[in-house]
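*Asks:* mmCIF, C-alpha atoms and all ligand atoms, file data_27.cif:
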```
data_data
#
loop_
_atom_site.label_atom_id
_atom_site.label_comp_id
_atom_site.auth_asym_id
_atom_site.auth_seq_id
_atom_site.Cartn_x
_atom_site.Cartn_y
_atom_site.Cartn_z
CA MET I 1 -31.02 10.21 -4.85
CA SER I 2 -30.26 7.75 -2.00
CA ALA I 3 -29.66 9.49 1.31
CA GLU I 4 -28.94 6.41 3.39
CA PHE I 5 -25.86 6.47 5.62
CA VAL I 6 -23.55 3.48 5.08
CA PRO I 7 -20.73 3.24 7.67
CA GLY I 8 -17.35 2.98 5.97
CA LEU I 9 -19.13 3.56 2.61
CA GLU I 10 -19.23 -0.23 2.33
CA GLY I 11 -20.74 -1.31 -0.96
CA ILE I 12 -21.02 2.29 -2.22
CA ILE I 13 -19.70 2.81 -5.75
CA ALA I 14 -17.66 6.02 -5.54
CA ALA I 15 -16.08 5.95 -9.00
CA ARG I 16 -16.14 4.24 -12.36
CA THR I 17 -12.71 2.94 -13.23
CA GLU I 18 -10.99 1.08 -16.04
CA ILE I 19 -7.85 0.55 -13.96
CA SER I 20 -8.48 -2.45 -11.72
CA LEU I 21 -11.19 -4.85 -10.69
CA VAL I 22 -11.25 -6.31 -7.19
CA ASP I 23 -13.55 -9.29 -7.53
CA GLY I 24 -14.07 -10.23 -3.90
CA ALA I 25 -16.53 -13.04 -4.47
CA ASN I 26 -14.20 -14.93 -6.81
CA GLY I 27 -10.89 -13.91 -5.24
CA ARG I 28 -9.70 -12.20 -8.43
CA LEU I 29 -7.68 -9.04 -8.98
CA VAL I 30 -7.55 -7.74 -12.55
CA TYR I 31 -5.47 -4.83 -13.91
CA ARG I 32 -7.01 -3.42 -17.08
CA GLY I 33 -8.30 -6.84 -18.10
CA TYR I 34 -5.24 -8.87 -17.06
CA VAL I 35 -5.56 -11.29 -14.14
CA ILE I 36 -2.88 -10.58 -11.54
CA ALA I 37 -1.50 -14.12 -11.56
CA ASP I 38 -0.60 -13.67 -15.25
CA LEU I 39 1.30 -10.47 -14.52
CA ALA I 40 2.98 -11.23 -11.20
CA GLU I 41 5.86 -13.35 -12.35
CA GLU I 42 6.02 -12.47 -16.04
CA MET I 43 5.99 -8.68 -16.07
CA SER I 44 8.33 -6.05 -14.73
CA PHE I 45 6.95 -3.36 -12.43
CA GLU I 46 7.74 -0.88 -15.20
CA GLU I 47 5.48 -2.74 -17.66
CA VAL I 48 2.68 -2.85 -15.11
CA ALA I 49 3.02 0.83 -14.25
CA TYR I 50 2.81 1.61 -17.98
CA LEU I 51 -0.28 -0.59 -18.19
CA LEU I 52 -1.97 1.19 -15.29
CA TRP I 53 -1.21 4.65 -16.68
CA ASN I 54 -1.89 3.98 -20.36
CA GLY I 55 -4.35 1.09 -20.49
CA SER I 56 -2.22 -1.31 -22.55
CA LEU I 57 1.04 -3.19 -22.10
CA PRO I 58 3.98 -1.31 -23.62
CA LYS I 59 5.62 -2.26 -26.90
CA ARG I 60 9.42 -2.58 -26.80
CA ALA I 61 10.09 1.06 -27.78
CA GLU I 62 7.49 2.32 -25.28
CA LEU I 63 9.02 0.27 -22.49
CA ASP I 64 12.51 1.48 -23.38
CA ALA I 65 11.30 5.08 -23.30
CA LEU I 66 9.61 4.58 -19.92
CA THR I 67 12.67 2.82 -18.47
CA GLN I 68 14.84 5.70 -19.60
CA GLU I 69 12.49 8.32 -18.21
CA LEU I 70 12.25 6.53 -14.86
CA ALA I 71 16.03 6.20 -14.65
CA GLY I 72 16.44 9.88 -15.51
CA SER I 73 14.02 10.95 -12.76
CA ARG I 74 15.56 9.06 -9.86
CA ALA I 75 17.89 11.73 -8.50
CA LEU I 76 16.55 13.94 -5.72
CA THR I 77 16.26 17.72 -5.91
CA ALA I 78 18.28 19.86 -3.49
CA PRO I 79 15.22 20.75 -1.33
CA ALA I 80 14.26 17.04 -1.12
CA MET I 81 17.80 16.15 -0.09
CA ALA I 82 17.92 18.95 2.47
CA THR I 83 14.64 17.71 3.98
CA LEU I 84 16.03 14.18 4.30
CA GLU I 85 19.13 15.53 6.02
CA SER I 86 17.07 17.61 8.42
CA LEU I 87 14.77 14.84 9.69
CA PRO I 88 15.68 13.05 12.95
CA ALA I 89 17.10 9.55 12.40
CA ASP I 90 14.20 7.92 14.26
CA THR I 91 11.54 9.43 11.96
CA ASP I 92 9.08 6.82 10.69
CA PRO I 93 9.97 6.22 7.01
CA MET I 94 6.30 6.76 6.07
CA ASP I 95 6.54 10.23 7.59
CA VAL I 96 9.79 10.74 5.70
CA LEU I 97 8.15 9.78 2.43
CA ARG I 98 5.11 11.99 3.08
CA SER I 99 7.30 14.96 3.96
CA VAL I 100 9.67 14.67 1.00
CA VAL I 101 6.87 14.09 -1.52
CA SER I 102 5.29 17.25 -0.16
CA VAL I 103 8.55 19.17 -0.62
CA GLN I 104 8.89 17.83 -4.17
CA GLY I 105 5.39 19.14 -4.86
CA VAL I 106 6.51 22.70 -4.17
CA GLU I 107 8.38 22.65 -7.45
CA HIS I 108 5.36 21.55 -9.48
CA LYS I 109 2.88 23.96 -7.85
CA LEU I 110 -0.68 23.52 -9.14
CA GLN I 111 0.30 21.83 -12.39
CA LYS I 112 -2.30 19.48 -13.82
CA PRO I 113 -1.30 15.84 -13.09
CA THR I 114 0.30 14.18 -16.13
CA ILE I 115 2.00 10.86 -16.92
CA PRO I 116 5.48 12.49 -16.87
CA LEU I 117 4.74 13.80 -13.36
CA ALA I 118 3.54 10.31 -12.34
CA ILE I 119 6.76 8.83 -13.71
CA HIS I 120 8.78 11.40 -11.83
CA ALA I 121 7.04 10.61 -8.53
CA THR I 122 7.28 6.85 -9.05
CA ALA I 123 10.99 7.11 -9.85
CA SER I 124 11.72 9.16 -6.75
CA PHE I 125 10.05 7.05 -4.04
CA PRO I 126 12.84 4.41 -3.84
CA THR I 127 15.53 7.12 -3.84
CA ILE I 128 13.84 8.97 -0.97
CA LEU I 129 13.64 5.82 1.15
CA ALA I 130 17.07 4.42 0.33
CA THR I 131 18.73 7.79 0.91
CA PHE I 132 17.09 8.21 4.30
CA HIS I 133 17.97 4.66 5.28
CA ARG I 134 21.63 5.20 4.39
CA LEU I 135 21.75 8.53 6.25
CA THR I 136 20.30 6.99 9.42
CA GLN I 137 22.91 4.22 9.23
CA GLY I 138 25.68 6.84 9.02
CA LEU I 139 26.38 5.71 5.45
CA LYS I 140 26.83 7.74 2.31
CA PRO I 141 23.73 7.69 0.07
CA VAL I 142 24.21 5.58 -3.05
CA GLU I 143 23.62 7.22 -6.44
CA PRO I 144 20.89 5.53 -8.48
CA ARG I 145 22.04 3.39 -11.42
CA ALA I 146 20.38 3.92 -14.77
CA ASP I 147 21.27 0.41 -15.98
CA LEU I 148 19.22 -1.28 -13.23
CA GLY I 149 15.46 -1.86 -13.27
CA HIS I 150 13.15 -0.30 -10.69
CA ALA I 151 13.30 -3.17 -8.16
CA ALA I 152 17.02 -3.85 -8.63
CA ASN I 153 17.94 -0.19 -8.30
CA TYR I 154 15.91 0.24 -5.08
CA LEU I 155 17.82 -2.63 -3.46
CA TYR I 156 21.12 -1.38 -4.86
CA MET I 157 20.56 2.10 -3.39
CA LEU I 158 19.54 0.63 -0.02
CA ASN I 159 22.42 -1.80 0.34
CA GLY I 160 25.18 -0.33 -1.81
CA LYS I 161 25.48 -3.60 -3.70
CA GLU I 162 23.44 -5.47 -6.26
CA ALA I 163 20.91 -7.99 -4.97
CA SER I 164 20.71 -11.51 -6.39
CA PRO I 165 18.38 -12.03 -9.38
CA GLU I 166 16.09 -14.16 -7.17
CA ILE I 167 15.67 -11.38 -4.62
CA VAL I 168 15.19 -8.74 -7.32
CA GLN I 169 12.52 -10.92 -8.91
CA ALA I 170 10.77 -11.36 -5.54
CA LEU I 171 10.65 -7.61 -4.99
CA ASN I 172 9.45 -7.11 -8.56
CA THR I 173 6.62 -9.60 -7.99
CA TYR I 174 5.67 -7.82 -4.76
CA LEU I 175 5.65 -4.44 -6.55
CA VAL I 176 3.47 -5.80 -9.36
CA LEU I 177 1.00 -7.38 -6.94
CA LEU I 178 0.52 -4.24 -4.84
CA ALA I 179 0.40 -1.66 -7.63
CA ASP I 180 -3.35 -1.15 -7.66
CA HIS I 181 -6.44 -2.34 -5.84
CA GLY I 182 -9.68 -0.65 -6.77
CA MET I 183 -11.19 1.91 -4.44
CA ASN I 184 -9.08 1.18 -1.36
CA ALA I 185 -8.80 3.90 1.29
CA SER I 186 -5.59 5.53 0.03
CA THR I 187 -6.69 5.51 -3.62
CA PHE I 188 -10.03 6.99 -2.63
CA THR I 189 -8.15 9.69 -0.70
CA ALA I 190 -6.03 10.45 -3.77
CA ARG I 191 -9.13 10.66 -5.97
CA VAL I 192 -10.95 12.95 -3.54
CA ILE I 193 -7.99 15.34 -3.59
CA ALA I 194 -7.68 15.02 -7.39
CA SER I 195 -11.37 15.89 -7.73
CA THR I 196 -10.69 19.36 -6.33
CA ASP I 197 -8.27 19.93 -9.26
CA SER I 198 -5.36 19.84 -6.84
CA ASP I 199 -1.84 18.80 -7.86
CA LEU I 200 -0.37 15.28 -7.99
CA ALA I 201 1.93 15.75 -4.99
CA SER I 202 -1.01 16.74 -2.79
CA CYS I 203 -2.92 13.63 -3.92
CA LEU I 204 0.11 11.45 -3.13
CA VAL I 205 0.73 13.07 0.25
CA GLY I 206 -2.89 12.36 1.22
CA ALA I 207 -2.67 8.81 -0.07
CA ILE I 208 0.52 8.14 1.90
CA GLY I 209 -1.22 9.40 5.03
CA ALA I 210 -4.12 7.00 4.47
CA LEU I 211 -1.82 4.09 3.69
CA LYS I 212 0.09 4.59 6.93
CA GLY I 213 -2.71 3.35 9.18
CA PRO I 214 -2.54 -0.24 10.48
CA ALA I 215 -5.93 -1.04 8.96
CA HIS I 216 -4.39 -0.43 5.52
CA GLY I 217 -0.66 -0.49 4.69
CA GLY I 218 0.72 -0.39 8.19
CA ALA I 219 -0.24 -4.02 8.71
CA PRO I 220 2.93 -5.93 7.66
CA SER I 221 5.03 -4.36 10.40
CA ALA I 222 2.23 -5.25 12.82
CA VAL I 223 2.27 -8.82 11.42
CA MET I 224 5.95 -9.05 12.37
CA ASP I 225 5.23 -7.73 15.88
CA GLN I 226 2.45 -10.26 16.33
CA LEU I 227 4.57 -13.17 15.12
CA GLU I 228 7.35 -12.08 17.44
CA GLN I 229 4.95 -12.05 20.38
CA ILE I 230 3.59 -15.50 19.46
CA GLY I 231 7.17 -16.77 19.22
CA THR I 232 6.62 -20.46 18.44
CA ALA I 233 4.07 -22.54 16.55
CA ASP I 234 3.19 -24.36 19.80
CA ASN I 235 2.21 -21.07 21.41
CA ALA I 236 0.03 -19.90 18.52
CA GLU I 237 -3.36 -21.13 19.66
CA HIS I 238 -2.93 -20.07 23.29
CA TRP I 239 -1.67 -16.59 22.37
CA MET I 240 -4.36 -16.06 19.78
CA ARG I 241 -7.24 -17.19 21.99
CA GLU I 242 -6.05 -14.84 24.74
CA ALA I 243 -5.69 -12.04 22.20
CA ARG I 244 -9.25 -12.45 20.95
CA LYS I 245 -10.53 -12.24 24.55
CA GLU I 246 -9.15 -8.70 24.47
CA LYS I 247 -10.58 -8.09 20.99
CA VAL I 248 -7.09 -7.87 19.47
CA ARG I 249 -7.31 -8.11 15.67
CA PHE I 250 -5.11 -10.64 13.94
CA MET I 251 -2.88 -8.66 11.65
CA GLY I 252 -2.85 -9.85 8.06
CA PHE I 253 -6.39 -11.23 8.19
CA GLY I 254 -9.72 -9.86 7.07
CA HIS I 255 -10.58 -7.66 4.14
CA ARG I 256 -13.43 -5.36 3.26
CA VAL I 257 -13.86 -6.95 -0.17
CA TYR I 258 -12.26 -10.40 -0.34
CA ARG I 259 -14.36 -13.02 1.38
CA THR I 260 -12.89 -16.12 -0.25
CA TYR I 261 -9.18 -15.43 -0.52
CA ASP I 262 -6.90 -12.62 -1.55
CA PRO I 263 -5.18 -13.73 -4.80
CA ARG I 264 -2.13 -11.66 -3.91
CA ALA I 265 -1.76 -13.51 -0.61
CA LYS I 266 -1.74 -16.82 -2.48
CA ILE I 267 1.18 -15.77 -4.70
CA LEU I 268 3.10 -14.21 -1.82
CA LYS I 269 2.55 -17.30 0.32
CA ALA I 270 4.30 -19.50 -2.26
CA LEU I 271 7.11 -16.95 -2.59
CA CYS I 272 7.48 -16.74 1.18
CA GLN I 273 7.63 -20.53 1.53
CA ARG I 274 10.52 -20.61 -0.94
CA LEU I 275 12.47 -17.57 0.28
CA ASN I 276 11.77 -17.50 4.00
CA PRO I 277 11.12 -21.03 5.30
CA LYS I 278 11.73 -20.05 8.93
CA PHE I 279 9.09 -17.31 8.79
CA TYR I 280 6.80 -19.62 6.83
CA GLU I 281 6.94 -22.38 9.43
CA LEU I 282 5.54 -20.14 12.17
CA ALA I 283 3.36 -18.02 9.87
CA SER I 284 1.55 -20.96 8.28
CA LYS I 285 0.65 -22.30 11.73
CA VAL I 286 -0.53 -18.85 12.82
CA GLU I 287 -2.55 -18.55 9.61
CA GLU I 288 -4.23 -21.90 10.18
CA THR I 289 -5.06 -20.94 13.77
CA ALA I 290 -6.26 -17.43 12.90
CA LEU I 291 -8.64 -18.68 10.22
CA ALA I 292 -9.97 -21.41 12.53
CA LEU I 293 -10.55 -18.97 15.42
CA LEU I 294 -12.17 -16.32 13.22
CA HIS I 295 -14.45 -18.98 11.76
CA GLU I 296 -15.27 -20.28 15.23
CA GLU I 297 -16.25 -16.75 16.34
CA HIS I 298 -18.31 -15.88 13.29
CA PRO I 299 -18.98 -18.83 10.96
CA GLU I 300 -21.37 -16.60 8.99
CA ARG I 301 -18.68 -14.00 8.26
CA PRO I 302 -15.80 -15.51 6.26
CA GLN I 303 -12.42 -13.88 6.86
CA ALA I 304 -9.45 -14.54 4.61
CA THR I 305 -5.69 -14.09 4.83
CA ASN I 306 -4.90 -10.74 3.29
CA VAL I 307 -1.96 -9.49 1.25
CA GLU I 308 -0.09 -8.15 4.27
CA PHE I 309 0.43 -11.45 6.05
CA TYR I 310 2.89 -13.14 3.71
CA SER I 311 4.16 -9.78 2.41
CA ALA I 312 5.91 -9.49 5.75
CA GLY I 313 7.83 -12.75 5.16
CA VAL I 314 8.71 -11.84 1.59
CA LEU I 315 9.91 -8.34 2.47
CA GLN I 316 11.96 -9.75 5.34
CA ALA I 317 13.59 -12.25 2.97
CA ILE I 318 14.35 -9.40 0.59
CA GLY I 319 16.28 -7.85 3.48
CA LEU I 320 14.14 -4.78 4.15
CA PRO I 321 14.01 -3.48 7.70
CA THR I 322 10.49 -3.86 9.17
CA GLU I 323 9.83 -0.11 9.25
CA TYR I 324 10.43 -0.02 5.48
CA PHE I 325 7.59 -2.47 4.76
CA PRO I 326 4.79 0.15 4.61
CA PRO I 327 6.72 2.67 2.48
CA THR I 328 7.75 -0.14 0.11
CA PHE I 329 4.02 -0.74 -0.34
CA ALA I 330 3.90 2.94 -1.37
CA VAL I 331 6.81 2.40 -3.81
CA SER I 332 4.43 0.07 -5.63
CA ARG I 333 1.07 1.75 -5.06
CA VAL I 334 2.23 5.14 -6.30
CA ALA I 335 1.69 3.71 -9.79
CA GLY I 336 -1.96 2.97 -9.01
CA TRP I 337 -2.55 6.20 -7.11
CA SER I 338 -1.26 8.30 -9.98
CA ALA I 339 -3.25 6.27 -12.55
CA HIS I 340 -6.40 6.99 -10.53
CA VAL I 341 -5.54 10.67 -10.21
CA LEU I 342 -5.18 10.85 -14.01
CA GLU I 343 -8.41 8.96 -14.52
CA GLN I 344 -10.28 11.21 -12.07
CA GLY I 345 -8.97 14.25 -13.93
CA SER I 346 -10.05 12.87 -17.29
CA HIS I 347 -13.76 13.13 -16.42
CA ASN I 348 -13.78 14.96 -13.17
CA ARG I 349 -16.67 15.78 -10.93
CA LEU I 350 -15.89 17.12 -7.45
CA ILE I 351 -16.30 14.31 -4.91
CA ARG I 352 -18.56 15.85 -2.33
CA PRO I 353 -20.82 13.44 -0.43
CA GLN I 354 -23.23 14.50 2.27
CA SER I 355 -23.35 13.87 5.98
CA GLU I 356 -26.37 13.04 8.06
CA TYR I 357 -26.68 15.56 10.89
CA ILE I 358 -27.36 13.87 14.22
CA GLY I 359 -26.40 16.77 16.52
CA PRO I 360 -28.73 18.86 18.72
CA ALA I 361 -31.82 20.54 17.29
CA PRO I 362 -31.43 24.26 16.53
CA ARG I 363 -31.06 26.23 19.79
CA LYS I 364 -30.16 29.72 20.98
CA PRO I 365 -26.66 30.30 22.42
CA LEU I 366 -26.83 31.40 26.07
CA PRO I 367 -24.66 34.31 27.24
CA LEU I 368 -21.53 33.16 29.09
CA ALA I 369 -22.95 34.03 32.54
CA GLU I 370 -26.03 31.83 32.03
CA ARG I 371 -24.34 28.61 30.75
C1 LIG D 401 -8.90 -5.14 7.01
C2 LIG D 401 -9.95 -4.75 8.02
C3 LIG D 401 -9.67 -3.30 8.50
C4 LIG D 401 -11.33 -4.80 7.36
O1 LIG D 401 -12.23 -4.27 8.24
P1 LIG D 401 -13.80 -4.40 8.08
O2 LIG D 401 -14.15 -4.36 6.64
O3 LIG D 401 -14.42 -3.43 8.97
O4 LIG D 401 -14.04 -5.87 8.64
P2 LIG D 401 -15.36 -6.78 8.57
O5 LIG D 401 -16.57 -5.94 8.28
O6 LIG D 401 -15.06 -7.94 7.72
O7 LIG D 401 -15.45 -7.36 10.01
C5 LIG D 401 -15.56 -6.59 11.10
C6 LIG D 401 -15.64 -7.58 12.26
O8 LIG D 401 -14.76 -8.71 12.04
C7 LIG D 401 -13.74 -8.74 13.01
N1 LIG D 401 -12.46 -8.84 12.33
C8 LIG D 401 -12.15 -8.38 11.11
N2 LIG D 401 -10.85 -8.60 10.87
C9 LIG D 401 -10.37 -9.22 11.96
C10 LIG D 401 -9.09 -9.66 12.31
N3 LIG D 401 -8.05 -9.50 11.50
N4 LIG D 401 -8.93 -10.24 13.51
C11 LIG D 401 -9.97 -10.40 14.34
N5 LIG D 401 -11.21 -9.98 14.06
C12 LIG D 401 -11.40 -9.39 12.90
C13 LIG D 401 -13.79 -7.38 13.67
O9 LIG D 401 -13.33 -7.45 14.99
C14 LIG D 401 -15.20 -7.00 13.56
O10 LIG D 401 -15.92 -7.66 14.55
P3 LIG D 401 -16.87 -6.86 15.52
O11 LIG D 401 -17.89 -6.26 14.60
O12 LIG D 401 -17.39 -7.91 16.42
O13 LIG D 401 -15.98 -5.84 16.15
C15 LIG D 401 -9.93 -5.69 9.22
O14 LIG D 401 -10.18 -7.00 8.77
C16 LIG D 401 -8.65 -5.62 10.02
O15 LIG D 401 -8.51 -4.75 10.88
N6 LIG D 401 -7.67 -6.54 9.74
C17 LIG D 401 -6.41 -6.53 10.43
C18 LIG D 401 -5.50 -5.46 9.85
C19 LIG D 401 -4.99 -5.83 8.48
O16 LIG D 401 -4.56 -6.94 8.23
N7 LIG D 401 -5.01 -4.84 7.59
C20 LIG D 401 -4.53 -4.98 6.21
C21 LIG D 401 -5.65 -4.95 5.25
S1 LIG D 401 -5.12 -5.34 3.61
#
```
Render the structure in this file as structure tokens.
*Replies:*
Amino acid sequence: MSAEFVPGLEGIIAARTEISLVDGANGRLVYRGYVIADLAEEMSFEEVAYLLWNGSLPKRAELDALTQELAGSRALTAPAMATLESLPADTDPMDVLRSVVSVQGVEHKLQKPTIPLAIHATASFPTILATFHRLTQGLKPVEPRADLGHAANYLYMLNGKEASPEIVQALNTYLVLLADHGMNASTFTARVIASTDSDLASCLVGAIGALKGPAHGGAPSAVMDQLEQIGTADNAEHWMREARKEKVRFMGFGHRVYRTYDPRAKILKALCQRLNPKFYELASKVEETALALLHEEHPERPQATNVEFYSAGVLQAIGLPTEYFPPTFAVSRVAGWSAHVLEQGSHNRLIRPQSEYIGPAPRKPLPLAER
């Protein structure tokens, strides 16, 4: 058995999965055999969630059943609603999501994770976020609509009116693209918790906590901040050179696995160019400069634009407030997290790695007076 310490577990295979393949060398993302580019604009989020949970694309009747089940699970329970009403208006929506998912878990106790529970969780994420958003705006929460798809209903509940088909389609594409991504940090977290035979809500709460960090799903808000600070295309190079002197990381660049390009970024870039030309004008200049500077610093270590960079422009065009970018990532990724939790449970072995002790050699504790 190998006992070598690998920082960040880089290159370590921690699970066998049939759910998704992140092919870093070739810039490919595959869900259960389907290349992401073939799913992104053709499939609904519901079809992709079904695929992740069940391993095949749904037939018409299966999709209808899933759509109905999702629609029927959108309403919040009284304890979830009470939690939303009790949280201060300036609470970070990721903290809101984490807290309410935890409260929802109380109801399910230590039930074994199942597809119906995954559907229930997936259906509730948009309602949690939209309800909180409305409450903080002093507006009445909007009841979910069973006749709208997952993306359309999320926007309807946020804004109180239906979004245009183009905007709904853009959000759907975003949700499809982000739904799963191999053994990323939040999915790994979910699988570790699942491996203890814990419940689905606990796995999701842990995953949300991992996703919140700026090295993972917190990046698109940080992309917006950085673009705001850069201000204009003319200022990009100066700002970015100064930033690197202080070791500031360029948000939306770099990835543990992709070294060529992130296929999701490519699709989102085209979408962003179409929907958010103002953002695109500055962002494409910043992208060009970031890649050039990162290459200049380390030509031997290729860094690519990651999914978060153009996500920011797409989510802005969709009309989401910046602080709702990370939890909207969770609205999508909950499908992947729950698929992994189910997979872990299907042939579980407790995930329990070792640590290498580098502390002091064994020694005798001195009495207080002698220390
Ligand atoms: C995603 C990320 C956490 C991957 O980290 P990682 O796997 O440890 O990164 P790597 O091993 O490729 O590279 C580490 C080195 O590259 C540099 N680097 C990596 N991403 C960088 C970035 N976005 N800007 C500047 N330098 C970067 C680091 O400073 C580090 O250099 P150092 O060793 O001299 O400190 C990292 O690229 C990052 O912080 N990116 C910005 C945040 C972001 O966009 N997150 C969303 C990810 S989808």
*Asks:* Would you write out, as a tab-separated table, a table of all residues in chain I that have an atom no more than 7 Å from an atom of ligand LIG 401 (chain D), listing for each the closest atom pair and the distance in Å to one decimal, considering only C-alpha atoms and all ligand atoms and ordering rows by chain and rising residue number?
*Replies:*
```
residue	atom	partner	partner_atom	distance
I:Pro214	CA	D:LIG401	N7	6.0
I:Ala215	CA	D:LIG401	N7	4.1
I:His216	CA	D:LIG401	C20	4.6
I:Gly217	CA	D:LIG401	C20	6.1
I:Ala219	CA	D:LIG401	N7	5.0
I:Arg244	CA	D:LIG401	C11	7.0
I:Lys247	CA	D:LIG401	O9	6.6
I:Val248	CA	D:LIG401	C11	6.4
I:Arg249	CA	D:LIG401	N4	3.4
I:Phe250	CA	D:LIG401	N4	3.9
I:Met251	CA	D:LIG401	O16	4.2
I:Gly252	CA	D:LIG401	O16	3.4
I:Phe253	CA	D:LIG401	N3	4.1
I:Gly254	CA	D:LIG401	O14	3.4
I:His255	CA	D:LIG401	C1	4.2
I:Arg256	CA	D:LIG401	O2	3.6
I:Leu294	CA	D:LIG401	C11	6.4
I:Gln303	CA	D:LIG401	O6	6.6
I:Asn306	CA	D:LIG401	S1	5.4
I:Val307	CA	D:LIG401	S1	5.7
I:Glu308	CA	D:LIG401	C20	5.8
```
*Asks:* Choose the residue, out of I:Ala40, I:Ala236, I:Val334, I:Ile318, that has the smallest atom-to-atom separation from Thr289 of chain I; count all atoms listed in the file.
*Replies:*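 Going through I:Ala40, I:Ala236, I:Val334, I:Ile318 one by one, the smallest distance to Thr289 of chain I is for I:Ala236.
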*Asks:* Measuring between only C-alpha atoms, which one of I:Ala283, I:Ile351, I:Ala304, I:Leu129 shows the shortest distance to Val96 of chain I?
*Replies:*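 The shortest atom-to-atom distance to Val96 of chain I comes from I:Leu129.
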*Asks:* Counting all atoms listed in the file, write as a ChimeraX atom specification all protein and nucleic acid residues lying at most 6 Å from (-0.1, -6.4, -2.9) in the file's frame.
*Replies:* /I:177-178,264,307
*Asks:* Tell me which protein, DNA and RNA residues are within 8 Å of Leu315 of chain I, counting only C-alpha atoms, leaving out same-chain ones fewer than 4 positions away, and put them as an mmCIF file with C-alpha atoms, keeping the file's coordinate frame.
*Replies:*
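This went into result.cif:
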```cif
data_model
loop_
_atom_site.group_PDB
_atom_site.id
_atom_site.type_symbol
_atom_site.label_atom_id
_atom_site.label_comp_id
_atom_site.auth_asym_id
_atom_site.auth_seq_id
_atom_site.Cartn_x
_atom_site.Cartn_y
_atom_site.Cartn_z
ATOM 1 C CA LEU I 171 10.650 -7.610 -4.990
ATOM 2 C CA SER I 311 4.160 -9.780 2.410
ATOM 3 C CA GLY I 319 16.280 -7.850 3.480
ATOM 4 C CA LEU I 320 14.140 -4.780 4.150
ATOM 5 C CA PHE I 325 7.590 -2.470 4.760
#
```
*Asks:* How many Å separate atom CA of Leu57 of chain I from atom CA of Leu39 of chain I?
*Replies:* 10.5 Å
*Asks:* Show me, as lines of an AutoDock Vina configuration file, the centre and edge lengths in Å to one decimal of the axis-aligned box that covers every listed atom of segment 116-129 of chain I with 3 Å on each side.
*Replies:*
```
center_x = 9.5
center_y = 9.1
center_z = -7.9
size_x = 18.0
size_y = 15.4
size_z = 24.0
```
*Asks:* So how far away is atom CA of His347 of chain I from atom CA of Arg333 of chain I, in Å?
*Replies:* 21.9 Å
*Asks:* Suppose you want the space between atom CA of Leu227 of chain I and atom CA of Leu293 of chain I; what is it in Å?
*Replies:* 16.2 Å
*Asks:* What's the 7 Å shell around segment 137-145 of chain I, counting all atoms listed in the file, without same-chain residues fewer than 3 positions away, as a PyMOL selection string?
*Replies:* chain I and resi 74-75+131+133-134+148+153+157+160
*Asks:* Enumerate, as a ChimeraX atom specification, the protein, DNA and RNA residues whose atoms approach (-2.9, 0.8, -11.0) to within 10 Å, taking into account all atoms listed in the file and the coordinate frame of the file.
*Replies:* /I:18-20,30-32,48-55,176-182,187,332-340
*Asks:* Counting all atoms listed in the file, which of I:Arg352, I:Asn159, I:Ala130, I:Ala25 gets nearest to Pro302 of chain I?
*Replies:* I:Ala25
*Asks:* Compare I:Ser102, I:Thr83, I:Thr67, I:Thr173 by their minimum atom-to-atom distance to Gly149 of chain I, counting all atoms listed in the file, and give me the closest one.
*Replies:* I:Thr67
*Asks:* Generate the coordinates of N, CA and C atoms for segment 165-174 of chain I; report them as a PDB file, in the frame of the given file.
*Replies:*
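New file part-v6.pdb:
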```pdb
ATOM      1  N   PRO I 165      19.546 -12.068  -8.473  1.00  0.00           N
ATOM      2  CA  PRO I 165      18.380 -12.030  -9.380  1.00  0.00           C
ATOM      3  C   PRO I 165      17.115 -12.594  -8.709  1.00  0.00           C
ATOM      4  N   GLU I 166      17.261 -13.573  -7.837  1.00  0.00           N
ATOM      5  CA  GLU I 166      16.090 -14.160  -7.170  1.00  0.00           C
ATOM      6  C   GLU I 166      15.404 -13.135  -6.259  1.00  0.00           C
ATOM      7  N   ILE I 167      16.223 -12.385  -5.543  1.00  0.00           N
ATOM      8  CA  ILE I 167      15.670 -11.380  -4.620  1.00  0.00           C
ATOM      9  C   ILE I 167      15.067 -10.212  -5.408  1.00  0.00           C
ATOM     10  N   VAL I 168      15.736  -9.811  -6.485  1.00  0.00           N
ATOM     11  CA  VAL I 168      15.190  -8.740  -7.320  1.00  0.00           C
ATOM     12  C   VAL I 168      13.838  -9.166  -7.891  1.00  0.00           C
ATOM     13  N   GLN I 169      13.768 -10.412  -8.339  1.00  0.00           N
ATOM     14  CA  GLN I 169      12.520 -10.920  -8.910  1.00  0.00           C
ATOM     15  C   GLN I 169      11.407 -10.952  -7.853  1.00  0.00           C
ATOM     16  N   ALA I 170      11.774 -11.319  -6.628  1.00  0.00           N
ATOM     17  CA  ALA I 170      10.770 -11.360  -5.540  1.00  0.00           C
ATOM     18  C   ALA I 170      10.227  -9.963  -5.285  1.00  0.00           C
ATOM     19  N   LEU I 171      11.120  -8.972  -5.226  1.00  0.00           N
ATOM     20  CA  LEU I 171      10.650  -7.610  -4.990  1.00  0.00           C
ATOM     21  C   LEU I 171       9.803  -7.136  -6.174  1.00  0.00           C
ATOM     22  N   ASN I 172      10.231  -7.497  -7.383  1.00  0.00           N
ATOM     23  CA  ASN I 172       9.450  -7.110  -8.560  1.00  0.00           C
ATOM     24  C   ASN I 172       8.029  -7.688  -8.479  1.00  0.00           C
ATOM     25  N   THR I 173       7.935  -8.965  -8.100  1.00  0.00           N
ATOM     26  CA  THR I 173       6.620  -9.600  -7.990  1.00  0.00           C
ATOM     27  C   THR I 173       5.774  -8.868  -6.947  1.00  0.00           C
ATOM     28  N   TYR I 174       6.381  -8.560  -5.804  1.00  0.00           N
ATOM     29  CA  TYR I 174       5.670  -7.820  -4.760  1.00  0.00           C
ATOM     30  C   TYR I 174       5.163  -6.480  -5.321  1.00  0.00           C
TER      31      TYR I 174
END
```
